[in-house]
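The file upload.cif comes next; it holds mmCIF, N, CA and C atoms.
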```
data_data
loop_
_atom_site.label_atom_id
_atom_site.label_comp_id
_atom_site.auth_asym_id
_atom_site.auth_seq_id
_atom_site.Cartn_x
_atom_site.Cartn_y
_atom_site.Cartn_z
N MET M 1448 -2.49 15.83 111.66
CA MET M 1448 -2.09 14.45 111.53
C MET M 1448 -1.03 14.17 112.60
N PRO M 1449 -1.15 13.08 113.35
CA PRO M 1449 -0.17 12.77 114.39
C PRO M 1449 1.20 12.45 113.80
N ALA M 1450 2.24 12.70 114.59
CA ALA M 1450 3.61 12.43 114.13
C ALA M 1450 3.79 10.93 113.90
N MET M 1451 4.58 10.59 112.88
CA MET M 1451 4.83 9.19 112.57
C MET M 1451 6.17 8.76 113.13
N THR M 1452 6.29 7.47 113.39
CA THR M 1452 7.57 6.93 113.84
C THR M 1452 8.53 6.89 112.66
N SER M 1453 9.83 6.71 112.94
CA SER M 1453 10.81 6.69 111.85
C SER M 1453 10.55 5.55 110.88
N SER M 1454 10.08 4.40 111.36
CA SER M 1454 9.80 3.30 110.43
C SER M 1454 8.60 3.61 109.55
N GLU M 1455 7.61 4.34 110.08
CA GLU M 1455 6.45 4.71 109.28
C GLU M 1455 6.78 5.75 108.22
N LEU M 1456 7.80 6.58 108.48
CA LEU M 1456 8.17 7.59 107.50
C LEU M 1456 8.57 6.96 106.18
N TYR M 1457 9.09 5.74 106.21
CA TYR M 1457 9.50 5.08 104.99
C TYR M 1457 8.49 4.05 104.52
N ASP M 1458 7.36 3.96 105.20
CA ASP M 1458 6.31 3.03 104.81
C ASP M 1458 5.29 3.80 103.98
N LEU M 1459 5.34 3.60 102.68
CA LEU M 1459 4.50 4.34 101.75
C LEU M 1459 3.03 4.22 102.10
N SER M 1460 2.58 3.04 102.48
CA SER M 1460 1.16 2.87 102.77
C SER M 1460 0.76 3.70 103.98
N ALA M 1461 1.64 3.85 104.98
CA ALA M 1461 1.32 4.67 106.15
C ALA M 1461 1.25 6.14 105.78
N VAL M 1462 2.15 6.59 104.91
CA VAL M 1462 2.14 7.99 104.47
C VAL M 1462 0.85 8.29 103.70
N LEU M 1463 0.51 7.41 102.77
CA LEU M 1463 -0.71 7.62 101.98
C LEU M 1463 -1.96 7.56 102.85
N LYS M 1464 -2.00 6.64 103.79
CA LYS M 1464 -3.15 6.56 104.69
C LYS M 1464 -3.25 7.82 105.55
N GLY M 1465 -2.12 8.32 106.02
CA GLY M 1465 -2.12 9.55 106.81
C GLY M 1465 -2.63 10.74 106.00
N LEU M 1466 -2.21 10.83 104.73
CA LEU M 1466 -2.68 11.90 103.86
C LEU M 1466 -4.17 11.77 103.62
N PHE M 1467 -4.62 10.55 103.33
CA PHE M 1467 -6.04 10.31 103.09
C PHE M 1467 -6.87 10.67 104.32
N ASP M 1468 -6.45 10.19 105.49
CA ASP M 1468 -7.21 10.46 106.72
C ASP M 1468 -7.26 11.96 107.02
N GLY M 1469 -6.13 12.65 106.83
CA GLY M 1469 -6.09 14.09 107.07
C GLY M 1469 -7.00 14.86 106.12
N LEU M 1470 -7.00 14.48 104.85
CA LEU M 1470 -7.88 15.13 103.87
C LEU M 1470 -9.35 14.89 104.20
N LYS M 1471 -9.65 13.65 104.53
CA LYS M 1471 -11.04 13.30 104.85
C LYS M 1471 -11.54 14.09 106.07
N GLN M 1472 -10.70 14.15 107.09
CA GLN M 1472 -11.06 14.89 108.30
C GLN M 1472 -11.26 16.38 108.00
N ALA M 1473 -10.35 16.95 107.22
CA ALA M 1473 -10.47 18.38 106.89
C ALA M 1473 -11.74 18.67 106.09
N HIS M 1474 -12.07 17.80 105.14
CA HIS M 1474 -13.27 18.00 104.33
C HIS M 1474 -14.55 17.87 105.16
N GLN M 1475 -14.50 17.08 106.23
CA GLN M 1475 -15.68 16.88 107.07
C GLN M 1475 -15.84 17.93 108.16
N ASP M 1476 -14.79 18.68 108.46
CA ASP M 1476 -14.81 19.66 109.55
C ASP M 1476 -15.44 20.96 109.04
N PRO M 1477 -16.59 21.37 109.60
CA PRO M 1477 -17.26 22.58 109.12
C PRO M 1477 -16.45 23.86 109.37
N ARG M 1478 -15.48 23.82 110.27
CA ARG M 1478 -14.65 25.01 110.52
C ARG M 1478 -13.60 25.22 109.44
N VAL M 1479 -13.29 24.18 108.69
CA VAL M 1479 -12.27 24.26 107.64
C VAL M 1479 -12.92 24.79 106.36
N LYS M 1480 -12.33 25.84 105.80
CA LYS M 1480 -12.86 26.44 104.57
C LYS M 1480 -12.08 26.02 103.33
N ALA M 1481 -10.80 25.67 103.51
CA ALA M 1481 -9.95 25.22 102.41
C ALA M 1481 -8.85 24.35 103.00
N VAL M 1482 -8.24 23.51 102.17
CA VAL M 1482 -7.18 22.61 102.61
C VAL M 1482 -5.88 23.01 101.91
N VAL M 1483 -4.84 23.26 102.70
CA VAL M 1483 -3.52 23.56 102.16
C VAL M 1483 -2.62 22.37 102.45
N VAL M 1484 -2.07 21.78 101.40
CA VAL M 1484 -1.19 20.62 101.53
C VAL M 1484 0.24 21.13 101.46
N THR M 1485 1.03 20.83 102.49
CA THR M 1485 2.43 21.26 102.54
C THR M 1485 3.32 20.06 102.82
N GLY M 1486 4.59 20.26 102.65
CA GLY M 1486 5.57 19.27 103.08
C GLY M 1486 6.10 19.66 104.44
N SER M 1487 6.96 18.84 104.96
CA SER M 1487 7.62 19.22 106.21
C SER M 1487 9.09 19.45 105.89
N GLY M 1488 9.70 20.37 106.58
CA GLY M 1488 11.09 20.68 106.29
C GLY M 1488 11.21 21.55 105.07
N LYS M 1489 12.30 21.39 104.33
CA LYS M 1489 12.58 22.30 103.23
C LYS M 1489 11.98 21.85 101.89
N ASN M 1490 11.37 20.68 101.82
CA ASN M 1490 10.78 20.18 100.57
C ASN M 1490 9.31 19.87 100.72
N PHE M 1491 8.59 20.02 99.61
CA PHE M 1491 7.20 19.59 99.58
C PHE M 1491 7.15 18.08 99.71
N SER M 1492 7.87 17.38 98.84
CA SER M 1492 8.00 15.93 98.91
C SER M 1492 9.12 15.50 97.99
N ALA M 1493 10.05 14.74 98.53
CA ALA M 1493 11.14 14.22 97.71
C ALA M 1493 10.71 12.97 96.95
N GLY M 1494 9.45 12.63 97.01
CA GLY M 1494 8.93 11.47 96.29
C GLY M 1494 8.94 10.23 97.16
N PHE M 1495 8.52 9.14 96.58
CA PHE M 1495 8.43 7.89 97.30
C PHE M 1495 9.68 7.07 97.08
N ASP M 1496 9.99 6.23 98.03
CA ASP M 1496 11.13 5.33 97.91
C ASP M 1496 10.81 4.29 96.85
N ILE M 1497 11.62 4.23 95.80
CA ILE M 1497 11.37 3.31 94.69
C ILE M 1497 11.29 1.86 95.16
N ASN M 1498 11.97 1.52 96.27
CA ASN M 1498 11.94 0.16 96.79
C ASN M 1498 10.53 -0.23 97.24
N GLN M 1499 9.69 0.74 97.61
CA GLN M 1499 8.32 0.43 98.01
C GLN M 1499 7.56 -0.24 96.88
N PHE M 1500 7.88 0.12 95.64
CA PHE M 1500 7.16 -0.44 94.50
C PHE M 1500 7.58 -1.87 94.22
N GLN M 1501 8.70 -2.30 94.80
CA GLN M 1501 9.19 -3.65 94.58
C GLN M 1501 8.71 -4.62 95.65
N LYS M 1502 8.14 -4.10 96.76
CA LYS M 1502 7.65 -4.98 97.83
C LYS M 1502 6.38 -5.68 97.36
N LYS M 1503 6.26 -6.94 97.73
CA LYS M 1503 5.06 -7.69 97.34
C LYS M 1503 3.86 -7.32 98.20
N SER M 1504 4.09 -6.89 99.44
CA SER M 1504 2.99 -6.45 100.29
C SER M 1504 3.35 -5.07 100.80
N GLY M 1505 2.35 -4.28 101.09
CA GLY M 1505 2.62 -2.90 101.52
C GLY M 1505 2.55 -2.01 100.32
N GLY M 1506 3.56 -1.21 100.09
CA GLY M 1506 3.68 -0.36 98.91
C GLY M 1506 2.40 0.23 98.42
N GLY M 1507 1.80 1.16 99.17
CA GLY M 1507 0.54 1.77 98.79
C GLY M 1507 0.57 2.39 97.41
N GLY M 1508 1.76 2.64 96.85
CA GLY M 1508 1.84 3.22 95.52
C GLY M 1508 1.30 2.31 94.44
N ILE M 1509 1.20 1.01 94.72
CA ILE M 1509 0.63 0.11 93.73
C ILE M 1509 -0.81 -0.24 94.07
N ASP M 1510 -1.31 0.34 95.12
CA ASP M 1510 -2.71 0.12 95.52
C ASP M 1510 -3.53 1.26 94.94
N ASN M 1511 -4.13 1.02 93.78
CA ASN M 1511 -4.88 2.08 93.11
C ASN M 1511 -6.07 2.55 93.93
N ASN M 1512 -6.57 1.73 94.85
CA ASN M 1512 -7.71 2.16 95.65
C ASN M 1512 -7.35 3.37 96.50
N ILE M 1513 -6.21 3.34 97.20
CA ILE M 1513 -5.82 4.47 98.03
C ILE M 1513 -5.41 5.65 97.16
N ASN M 1514 -4.72 5.38 96.06
CA ASN M 1514 -4.33 6.47 95.15
C ASN M 1514 -5.56 7.17 94.59
N ASP M 1515 -6.53 6.40 94.13
CA ASP M 1515 -7.75 6.98 93.58
C ASP M 1515 -8.53 7.74 94.64
N ALA M 1516 -8.58 7.21 95.86
CA ALA M 1516 -9.32 7.88 96.94
C ALA M 1516 -8.67 9.22 97.28
N ILE M 1517 -7.34 9.27 97.32
CA ILE M 1517 -6.65 10.53 97.59
C ILE M 1517 -6.92 11.53 96.47
N CYS M 1518 -6.79 11.08 95.23
CA CYS M 1518 -7.04 11.98 94.10
C CYS M 1518 -8.47 12.51 94.12
N GLU M 1519 -9.41 11.65 94.46
CA GLU M 1519 -10.81 12.08 94.52
C GLU M 1519 -11.00 13.17 95.57
N LEU M 1520 -10.37 13.00 96.74
CA LEU M 1520 -10.49 14.01 97.79
C LEU M 1520 -9.77 15.31 97.43
N LEU M 1521 -8.61 15.19 96.78
CA LEU M 1521 -7.87 16.38 96.37
C LEU M 1521 -8.61 17.16 95.29
N GLU M 1522 -9.04 16.44 94.27
CA GLU M 1522 -9.64 17.08 93.10
C GLU M 1522 -11.11 17.39 93.25
N GLY M 1523 -11.85 16.51 93.92
CA GLY M 1523 -13.30 16.64 93.92
C GLY M 1523 -13.94 16.76 95.28
N GLY M 1524 -13.14 16.97 96.32
CA GLY M 1524 -13.70 17.13 97.66
C GLY M 1524 -14.54 18.40 97.74
N PRO M 1525 -15.33 18.53 98.80
CA PRO M 1525 -16.22 19.68 98.92
C PRO M 1525 -15.51 21.01 99.19
N LYS M 1526 -14.23 20.97 99.52
CA LYS M 1526 -13.48 22.20 99.82
C LYS M 1526 -12.29 22.31 98.89
N PRO M 1527 -11.90 23.53 98.53
CA PRO M 1527 -10.75 23.67 97.64
C PRO M 1527 -9.45 23.21 98.30
N THR M 1528 -8.56 22.64 97.48
CA THR M 1528 -7.26 22.19 97.96
C THR M 1528 -6.17 22.98 97.24
N VAL M 1529 -5.14 23.35 97.99
CA VAL M 1529 -4.02 24.11 97.44
C VAL M 1529 -2.72 23.44 97.88
N ALA M 1530 -1.82 23.20 96.95
CA ALA M 1530 -0.49 22.69 97.29
C ALA M 1530 0.44 23.88 97.46
N ALA M 1531 1.06 24.00 98.63
CA ALA M 1531 2.05 25.05 98.89
C ALA M 1531 3.42 24.39 98.74
N ILE M 1532 4.05 24.63 97.59
CA ILE M 1532 5.26 23.89 97.21
C ILE M 1532 6.51 24.71 97.49
N GLN M 1533 7.43 24.10 98.21
CA GLN M 1533 8.77 24.68 98.39
C GLN M 1533 9.77 23.57 98.15
N GLY M 1534 10.97 23.94 97.75
CA GLY M 1534 12.00 22.93 97.48
C GLY M 1534 11.59 22.07 96.31
N VAL M 1535 11.56 20.75 96.51
CA VAL M 1535 11.22 19.83 95.43
C VAL M 1535 9.89 19.14 95.69
N ALA M 1536 9.22 18.83 94.61
CA ALA M 1536 8.02 17.98 94.62
C ALA M 1536 8.27 16.94 93.53
N LEU M 1537 8.74 15.78 93.94
CA LEU M 1537 9.15 14.75 92.99
C LEU M 1537 8.20 13.56 93.02
N GLY M 1538 8.06 12.90 91.89
CA GLY M 1538 7.30 11.65 91.81
C GLY M 1538 5.89 11.79 92.36
N GLY M 1539 5.57 10.92 93.31
CA GLY M 1539 4.24 10.93 93.92
C GLY M 1539 3.92 12.25 94.58
N GLY M 1540 4.93 12.93 95.11
CA GLY M 1540 4.72 14.25 95.70
C GLY M 1540 4.30 15.27 94.65
N CYS M 1541 4.90 15.18 93.48
CA CYS M 1541 4.51 16.05 92.36
C CYS M 1541 3.07 15.75 91.94
N GLU M 1542 2.73 14.48 91.92
CA GLU M 1542 1.37 14.09 91.54
C GLU M 1542 0.34 14.58 92.55
N VAL M 1543 0.69 14.53 93.84
CA VAL M 1543 -0.21 15.07 94.87
C VAL M 1543 -0.42 16.56 94.62
N ALA M 1544 0.67 17.28 94.35
CA ALA M 1544 0.56 18.72 94.08
C ALA M 1544 -0.30 18.98 92.85
N MET M 1545 -0.10 18.18 91.78
CA MET M 1545 -0.89 18.36 90.56
C MET M 1545 -2.36 18.03 90.80
N GLY M 1546 -2.64 17.14 91.75
CA GLY M 1546 -4.02 16.75 92.04
C GLY M 1546 -4.80 17.80 92.79
N CYS M 1547 -4.11 18.74 93.42
CA CYS M 1547 -4.80 19.81 94.14
C CYS M 1547 -5.48 20.76 93.16
N ASN M 1548 -6.49 21.47 93.63
CA ASN M 1548 -7.21 22.40 92.77
C ASN M 1548 -6.33 23.56 92.33
N ALA M 1549 -5.33 23.92 93.14
CA ALA M 1549 -4.41 25.02 92.81
C ALA M 1549 -3.05 24.72 93.42
N ARG M 1550 -2.03 25.38 92.88
CA ARG M 1550 -0.67 25.23 93.39
C ARG M 1550 -0.05 26.60 93.54
N VAL M 1551 0.71 26.77 94.62
CA VAL M 1551 1.49 27.98 94.85
C VAL M 1551 2.91 27.50 95.12
N ALA M 1552 3.88 28.04 94.37
CA ALA M 1552 5.25 27.56 94.50
C ALA M 1552 6.17 28.71 94.92
N ALA M 1553 7.09 28.39 95.83
CA ALA M 1553 8.12 29.34 96.24
C ALA M 1553 9.13 29.48 95.10
N PRO M 1554 9.81 30.62 95.04
CA PRO M 1554 10.85 30.76 94.02
C PRO M 1554 11.86 29.61 94.13
N GLY M 1555 12.23 29.06 92.99
CA GLY M 1555 13.20 27.98 92.96
C GLY M 1555 12.62 26.59 93.18
N ALA M 1556 11.32 26.47 93.41
CA ALA M 1556 10.69 25.16 93.59
C ALA M 1556 10.83 24.36 92.29
N ARG M 1557 11.01 23.03 92.44
CA ARG M 1557 11.16 22.16 91.27
C ARG M 1557 10.16 21.01 91.36
N LEU M 1558 9.48 20.74 90.25
CA LEU M 1558 8.54 19.64 90.15
C LEU M 1558 9.02 18.69 89.07
N SER M 1559 8.93 17.38 89.34
CA SER M 1559 9.43 16.41 88.37
C SER M 1559 8.83 15.03 88.63
N LEU M 1560 8.77 14.24 87.58
CA LEU M 1560 8.36 12.84 87.66
C LEU M 1560 9.55 11.98 87.23
N PRO M 1561 10.56 11.80 88.11
CA PRO M 1561 11.77 11.07 87.71
C PRO M 1561 11.55 9.61 87.36
N GLU M 1562 10.46 9.01 87.82
CA GLU M 1562 10.21 7.61 87.52
C GLU M 1562 10.00 7.37 86.02
N LEU M 1563 9.63 8.43 85.29
CA LEU M 1563 9.45 8.29 83.85
C LEU M 1563 10.76 7.92 83.16
N GLN M 1564 11.90 8.39 83.71
CA GLN M 1564 13.20 8.06 83.14
C GLN M 1564 13.57 6.59 83.38
N LEU M 1565 12.88 5.95 84.34
CA LEU M 1565 13.11 4.54 84.62
C LEU M 1565 12.09 3.64 83.89
N GLY M 1566 11.20 4.28 83.11
CA GLY M 1566 10.19 3.52 82.40
C GLY M 1566 9.04 3.07 83.29
N ILE M 1567 8.87 3.74 84.43
CA ILE M 1567 7.81 3.38 85.38
C ILE M 1567 6.67 4.39 85.23
N ILE M 1568 5.46 3.88 85.11
CA ILE M 1568 4.28 4.75 85.07
C ILE M 1568 4.07 5.31 86.47
N PRO M 1569 3.85 6.62 86.60
CA PRO M 1569 3.64 7.20 87.93
C PRO M 1569 2.52 6.48 88.69
N GLY M 1570 2.74 6.34 90.01
CA GLY M 1570 1.83 5.58 90.88
C GLY M 1570 0.41 6.12 90.91
N PHE M 1571 0.23 7.43 90.71
CA PHE M 1571 -1.09 8.02 90.70
C PHE M 1571 -1.60 8.19 89.27
N GLY M 1572 -0.84 7.69 88.31
CA GLY M 1572 -1.25 7.76 86.93
C GLY M 1572 -0.70 8.95 86.18
N GLY M 1573 0.05 9.83 86.86
CA GLY M 1573 0.66 10.99 86.21
C GLY M 1573 -0.34 12.07 86.03
#
```
Output the file's structure in the form of structure tokens.
Amino acid sequence: MPAMTSSELYDLSAVLKGLFDGLKQAHQDPRVKAVVVTGSGKNFSAGFDINQFQKKSGGGGIDNNINDAICELLEGGPKPTVAAIQGVALGGGCEVAMGCNARVAAPGARLSLPELQLGIIPGFGG
């Protein structure tokens, strides 16, 4: 997946589209035998910016079409998917990890759905 600009890093729809496009490409490439989903840096995913859910346009977290498409590729794609979790996997990042066929976690890794404490249903449905 190509590097994103700093403004795209905080644009939930761009992140989700990048994940979807990468998964789709990997599933279509005959040289790929399995897909390993990782984070960058020291965390798998610190979750999505809660402000994205308040935007009237954008906010891919409220677009069930992209969420469902990602889950379908993670769970039911033609190749196995594995989440390699280090650090934290929070919110939507935790849901992406749960959507993979398998998960491998480094010692001390933490998974959580903090939006539940705010009374918000997880964007991917939990």
* For Met1545 of chain M, please output as a PyMOL selection string all residues within 10 Å (counting only C-alpha atoms; exclusion window: fewer than 5 positions along the same chain). => chain M and resi 1518+1521-1522+1529-1530+1536+1539-1540+1550+1558+1573
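Among the candidates M:Ile1517, M:Val1535, M:Pro1525, M:Ser1559, the residue lying nearest to Leu1463 of chain M is M:Ile1517 (atoms considered: only C-alpha atoms).
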* **Spatial neighbours of Lys1480 of chain M, max dist 6.5 Å, all atoms listed in the file, sep filter under 3 positions, as an MDAnalysis selection string** => chainID M and resid 1477 1526:1527
Deliver the residues from the most recent selection as a file, using N, CA and C atoms, as a PDB file, keeping the file's coordinate frame.
```
ATOM      1  N   PRO M1477     -16.590  21.370 109.600  1.00  0.00           N
ATOM      2  CA  PRO M1477     -17.260  22.580 109.120  1.00  0.00           C
ATOM      3  C   PRO M1477     -16.450  23.860 109.370  1.00  0.00           C
ATOM      4  N   LYS M1526     -14.230  20.970  99.520  1.00  0.00           N
ATOM      5  CA  LYS M1526     -13.480  22.200  99.820  1.00  0.00           C
ATOM      6  C   LYS M1526     -12.290  22.310  98.890  1.00  0.00           C
ATOM      7  N   PRO M1527     -11.900  23.530  98.530  1.00  0.00           N
ATOM      8  CA  PRO M1527     -10.750  23.670  97.640  1.00  0.00           C
ATOM      9  C   PRO M1527      -9.450  23.210  98.300  1.00  0.00           C
TER      10      PRO M1527
END
```
* Asked: Pick from M:Val1551, M:Lys1489, M:Leu1520, M:Leu1537: nearest to Lys1471 of chain M, with only C-alpha atoms counted?
  ->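 Checking each candidate against Lys1471 of chain M, we get M:Leu1520 as the closest.
What separates atom N of Gln1475 of chain M from atom C of Gly1524 of chain M is a distance of 8.6 Å.
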* Counting only C-alpha atoms, figure out which residue out of M:Leu1563, M:Ala1493, M:Ile1532, M:Val1462 gets nearest to Cys1547 of chain M. =>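 Ranked by minimum distance to Cys1547 of chain M, first place goes to M:Ile1532.
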